[in-house]
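Enquirer: Take a look at the following structure, please.
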Amino acid sequence: MLRTLQQKLQTSLRSSLEEEISASYLFPSETLSVKQRLAIYRHNILASLLRALTEHYPVCKKLIGDTAFTGIAKQYMALYPSQCADLNSYGASLADFMETLPYIEQVAYLPDVARLEWSCHRVLQAPDTLGLDWYKLAELPSENHEQLIFELAPSVNLLSSSYPIHRIWSVNQTDYNGPEPINLDEGGVKLIVWRYRNELCLKPLDELSWQVLVAFSQQTSLGEIFTRLKMQEALLVLLPEFINQGWLANFSVATVECLRNA
């Protein structure tokens, strides 16, 4: 009974229509009708969701203006109601939703900028880690090195775009004071976004670094990466840099059975 009531209340709060719950379960106060009480709750919920989207996607809002962003946000909220009390997790699908809008072609880079903003948001929210244990790694027998599987830190995210979204993002930061013109024809970018000492960091990656980090994110063993990229020496040079930057949080040793099924 209680669960049914909660579900009906949630449906009513998300809807512009008054559900049966209005007459069946709720009662007016001395000053407000049931409809007015629901309207207040609904307004507060939608205002909270809109505020969360605005905080998570400030560059997108700046690029298209308050009115257009609010219109997109309201459409999104209607289709993607919040499923969690923690508003930090709300808005994960906004970039995908933007791609379904026919008029978004006029600002085709906007969904990828949204993906970058969401990456930045989640990186800042990610839990801290102690970093990779150098001593434990050094103790590993050399015959196990090719079975190493490195794990990206929770505060690391990878994304690519056909547009220079890192430049678009940088130019639209409140503290930016560099050159502003951006040529969309300058090409795309492969990015790593991470947190270093509570500071947000972005860096374009070269092709080899990108491929290696993507392989790490897919739990690929070092030996398999050696075989795939055929650049063992270059990879061994990159590893210390990745570790020093805090991009790698842990490692494990793949079993023979895991390697056979890879």
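Letters A, B, ... mark the chains of the structure tokens in the order given; residue numbers begin at 1 per chain; ligand numbers begin at 1, in order shown.
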From segment 39-168 of chain A, collect each residue whose DSSP state is strand (DSSP E) and return the set as a list in words.
Expert: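 Going through segment 39-168 of chain A, the strand (DSSP E) residues come out as Leu148, Ile149, Phe150, Glu151, Leu152, Val156, Asn157, Leu158, Leu159, Ser160 and Ser161 of chain A.
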Enquirer: Take the residues just selected and output them with C-alpha atoms as a CSV table (one decimal), in the first residue's frame.
Expert:
```csv
chain,number,residue,atom,x,y,z
A,148,LEU,CA,49.9,-7.1,-15.7
A,149,ILE,CA,46.5,-5.5,-16.0
A,150,PHE,CA,46.5,-1.8,-15.0
A,151,GLU,CA,43.4,0.0,-13.7
A,152,LEU,CA,42.6,3.6,-14.4
A,156,VAL,CA,40.3,9.7,-14.7
A,157,ASN,CA,38.1,9.8,-17.7
A,158,LEU,CA,38.8,9.4,-21.5
A,159,LEU,CA,36.8,10.9,-24.3
A,160,SER,CA,37.2,11.8,-27.9
A,161,SER,CA,35.5,14.2,-30.3
```
Enquirer: Segment 43-58 of chain A: which residues within 10 Å, counting only C-alpha atoms, same-chain residues fewer than 2 positions away excluded, as a VMD selection string?
Expert: chain A and resid 13 to 14 38 to 41 60 to 63 66 69 to 70 73 to 74 76 to 78 81 to 82 87 to 92 94 113 to 122 169 172 to 173
Enquirer: Write the residues of the preceding selection, restricted to C-alpha atoms, as a tab-separated table (two decimals), in the first residue's frame.
Expert:
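Generated output (result-v1.tsv):
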```tsv
chain	number	residue	atom	x	y	z
A	13	LEU	CA	4.65	15.21	-9.13
A	14	ARG	CA	6.30	14.51	-12.52
A	38	LEU	CA	1.10	19.27	-5.63
A	39	ALA	CA	1.98	22.26	-7.80
A	40	ILE	CA	4.32	23.58	-5.11
A	41	TYR	CA	6.07	20.23	-4.72
A	60	CYS	CA	26.62	24.46	-22.70
A	61	LYS	CA	24.34	27.06	-21.17
A	62	LYS	CA	26.78	29.85	-22.06
A	63	LEU	CA	27.13	28.59	-25.65
A	66	ASP	CA	19.73	30.79	-20.97
A	69	PHE	CA	19.34	25.77	-22.46
A	70	THR	CA	16.30	25.98	-20.17
A	73	ALA	CA	16.59	21.07	-19.88
A	74	LYS	CA	12.81	21.05	-19.47
A	76	TYR	CA	15.12	16.41	-20.76
A	77	MET	CA	13.50	16.54	-17.32
A	78	ALA	CA	10.18	15.43	-18.77
A	81	PRO	CA	12.98	12.05	-14.21
A	82	SER	CA	15.46	11.82	-11.39
A	87	LEU	CA	21.43	15.37	-7.66
A	88	ASN	CA	25.15	14.97	-8.42
A	89	SER	CA	24.16	11.92	-10.46
A	90	TYR	CA	21.44	13.71	-12.45
A	91	GLY	CA	22.04	14.65	-16.07
A	92	ALA	CA	24.24	11.80	-17.27
A	94	LEU	CA	21.90	14.96	-21.48
A	113	VAL	CA	30.94	19.65	-25.05
A	114	ALA	CA	28.22	18.28	-22.78
A	115	ARG	CA	30.10	14.97	-22.57
A	116	LEU	CA	33.24	16.86	-21.58
A	117	GLU	CA	31.36	18.80	-18.92
A	118	TRP	CA	29.87	15.61	-17.51
A	119	SER	CA	33.33	14.04	-17.46
A	120	CYS	CA	34.67	17.04	-15.55
A	121	HIS	CA	31.79	16.83	-13.10
A	122	ARG	CA	32.18	13.10	-12.44
A	169	TRP	CA	35.54	24.45	-22.98
A	172	ASN	CA	34.27	29.61	-21.97
A	173	GLN	CA	35.74	29.37	-18.47
```
Enquirer: Write out as a PyMOL selection string all residues of segment 56-260 of chain A that DSSP puts in alpha helix (DSSP H) for this structure's backbone.
Expert: chain A and resi 56+58-64+66-79+94-98+110-125+134-138+165-171+207-217+222-229+232-244+256-260
Enquirer: Export C-alpha atoms of the chosen residues as a CSV table (one decimal), in the first residue's frame?
Expert:
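The resulting file, result23.csv, is shown below:
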```csv
chain,number,residue,atom,x,y,z
A,56,HIS,CA,26.7,20.5,-14.3
A,58,PRO,CA,27.6,25.8,-17.4
A,59,VAL,CA,29.5,25.9,-20.7
A,60,CYS,CA,26.6,24.5,-22.7
A,61,LYS,CA,24.3,27.1,-21.2
A,62,LYS,CA,26.8,29.8,-22.1
A,63,LEU,CA,27.1,28.6,-25.6
A,64,ILE,CA,23.4,28.6,-26.5
A,66,ASP,CA,19.7,30.8,-21.0
A,67,THR,CA,16.5,30.5,-22.9
A,68,ALA,CA,17.6,27.7,-25.2
A,69,PHE,CA,19.3,25.8,-22.5
A,70,THR,CA,16.3,26.0,-20.2
A,71,GLY,CA,14.1,24.7,-23.0
A,72,ILE,CA,16.4,21.7,-23.6
A,73,ALA,CA,16.6,21.1,-19.9
A,74,LYS,CA,12.8,21.0,-19.5
A,75,GLN,CA,12.4,18.6,-22.3
A,76,TYR,CA,15.1,16.4,-20.8
A,77,MET,CA,13.5,16.5,-17.3
A,78,ALA,CA,10.2,15.4,-18.8
A,79,LEU,CA,11.8,12.4,-20.4
A,94,LEU,CA,21.9,15.0,-21.5
A,95,ALA,CA,24.5,14.7,-24.3
A,96,ASP,CA,22.7,11.7,-25.8
A,97,PHE,CA,19.4,13.5,-25.5
A,98,MET,CA,20.8,16.6,-27.3
A,110,LEU,CA,27.3,20.8,-28.3
A,111,PRO,CA,26.7,17.2,-27.3
A,112,ASP,CA,30.4,16.5,-27.2
A,113,VAL,CA,30.9,19.7,-25.1
A,114,ALA,CA,28.2,18.3,-22.8
A,115,ARG,CA,30.1,15.0,-22.6
A,116,LEU,CA,33.2,16.9,-21.6
A,117,GLU,CA,31.4,18.8,-18.9
A,118,TRP,CA,29.9,15.6,-17.5
A,119,SER,CA,33.3,14.0,-17.5
A,120,CYS,CA,34.7,17.0,-15.6
A,121,HIS,CA,31.8,16.8,-13.1
A,122,ARG,CA,32.2,13.1,-12.4
A,123,VAL,CA,36.0,13.4,-12.2
A,124,LEU,CA,35.6,16.0,-9.4
A,125,GLN,CA,33.0,13.8,-7.6
A,134,TRP,CA,55.4,1.3,-6.7
A,135,TYR,CA,56.9,-1.0,-4.2
A,136,LYS,CA,54.4,-3.7,-4.8
A,137,LEU,CA,54.8,-3.4,-8.5
A,138,ALA,CA,58.6,-3.6,-8.2
A,165,ILE,CA,36.0,20.6,-27.5
A,166,HIS,CA,38.9,21.2,-25.1
A,167,ARG,CA,39.4,24.6,-26.7
A,168,ILE,CA,35.7,25.4,-26.6
A,169,TRP,CA,35.5,24.4,-23.0
A,170,SER,CA,38.6,26.5,-22.0
A,171,VAL,CA,37.6,29.6,-23.8
A,207,GLU,CA,47.5,8.4,-30.6
A,208,LEU,CA,49.8,5.9,-28.8
A,209,SER,CA,48.9,7.2,-25.3
A,210,TRP,CA,45.2,7.2,-26.2
A,211,GLN,CA,45.4,3.6,-27.4
A,212,VAL,CA,47.3,2.4,-24.3
A,213,LEU,CA,44.9,4.1,-21.9
A,214,VAL,CA,41.8,2.9,-23.7
A,215,ALA,CA,43.3,-0.6,-23.5
A,216,PHE,CA,43.9,-0.2,-19.8
A,217,SER,CA,40.3,0.9,-19.4
A,222,LEU,CA,50.3,-5.6,-20.9
A,223,GLY,CA,51.4,-8.5,-23.1
A,224,GLU,CA,48.3,-8.2,-25.2
A,225,ILE,CA,49.0,-4.4,-25.6
A,226,PHE,CA,52.6,-5.2,-26.7
A,227,THR,CA,51.2,-7.6,-29.3
A,228,ARG,CA,48.5,-5.2,-30.5
A,229,LEU,CA,50.6,-2.0,-30.8
A,232,GLN,CA,57.0,-2.2,-26.5
A,233,GLU,CA,59.8,0.2,-25.9
A,234,ALA,CA,57.6,3.3,-26.3
A,235,LEU,CA,55.0,1.8,-24.0
A,236,LEU,CA,57.6,1.2,-21.3
A,237,VAL,CA,58.5,4.9,-21.5
A,238,LEU,CA,54.9,5.9,-21.1
A,239,LEU,CA,54.1,3.8,-18.1
A,240,PRO,CA,56.1,5.8,-15.6
A,241,GLU,CA,54.5,9.0,-16.8
A,242,PHE,CA,51.0,7.5,-16.4
A,243,ILE,CA,51.8,6.4,-12.9
A,244,ASN,CA,53.4,9.8,-11.9
A,256,VAL,CA,46.4,-18.0,-17.8
A,257,GLU,CA,42.7,-18.8,-18.2
A,258,CYS,CA,41.8,-15.1,-18.4
A,259,LEU,CA,44.5,-14.6,-21.2
A,260,ARG,CA,43.2,-17.6,-23.0
```
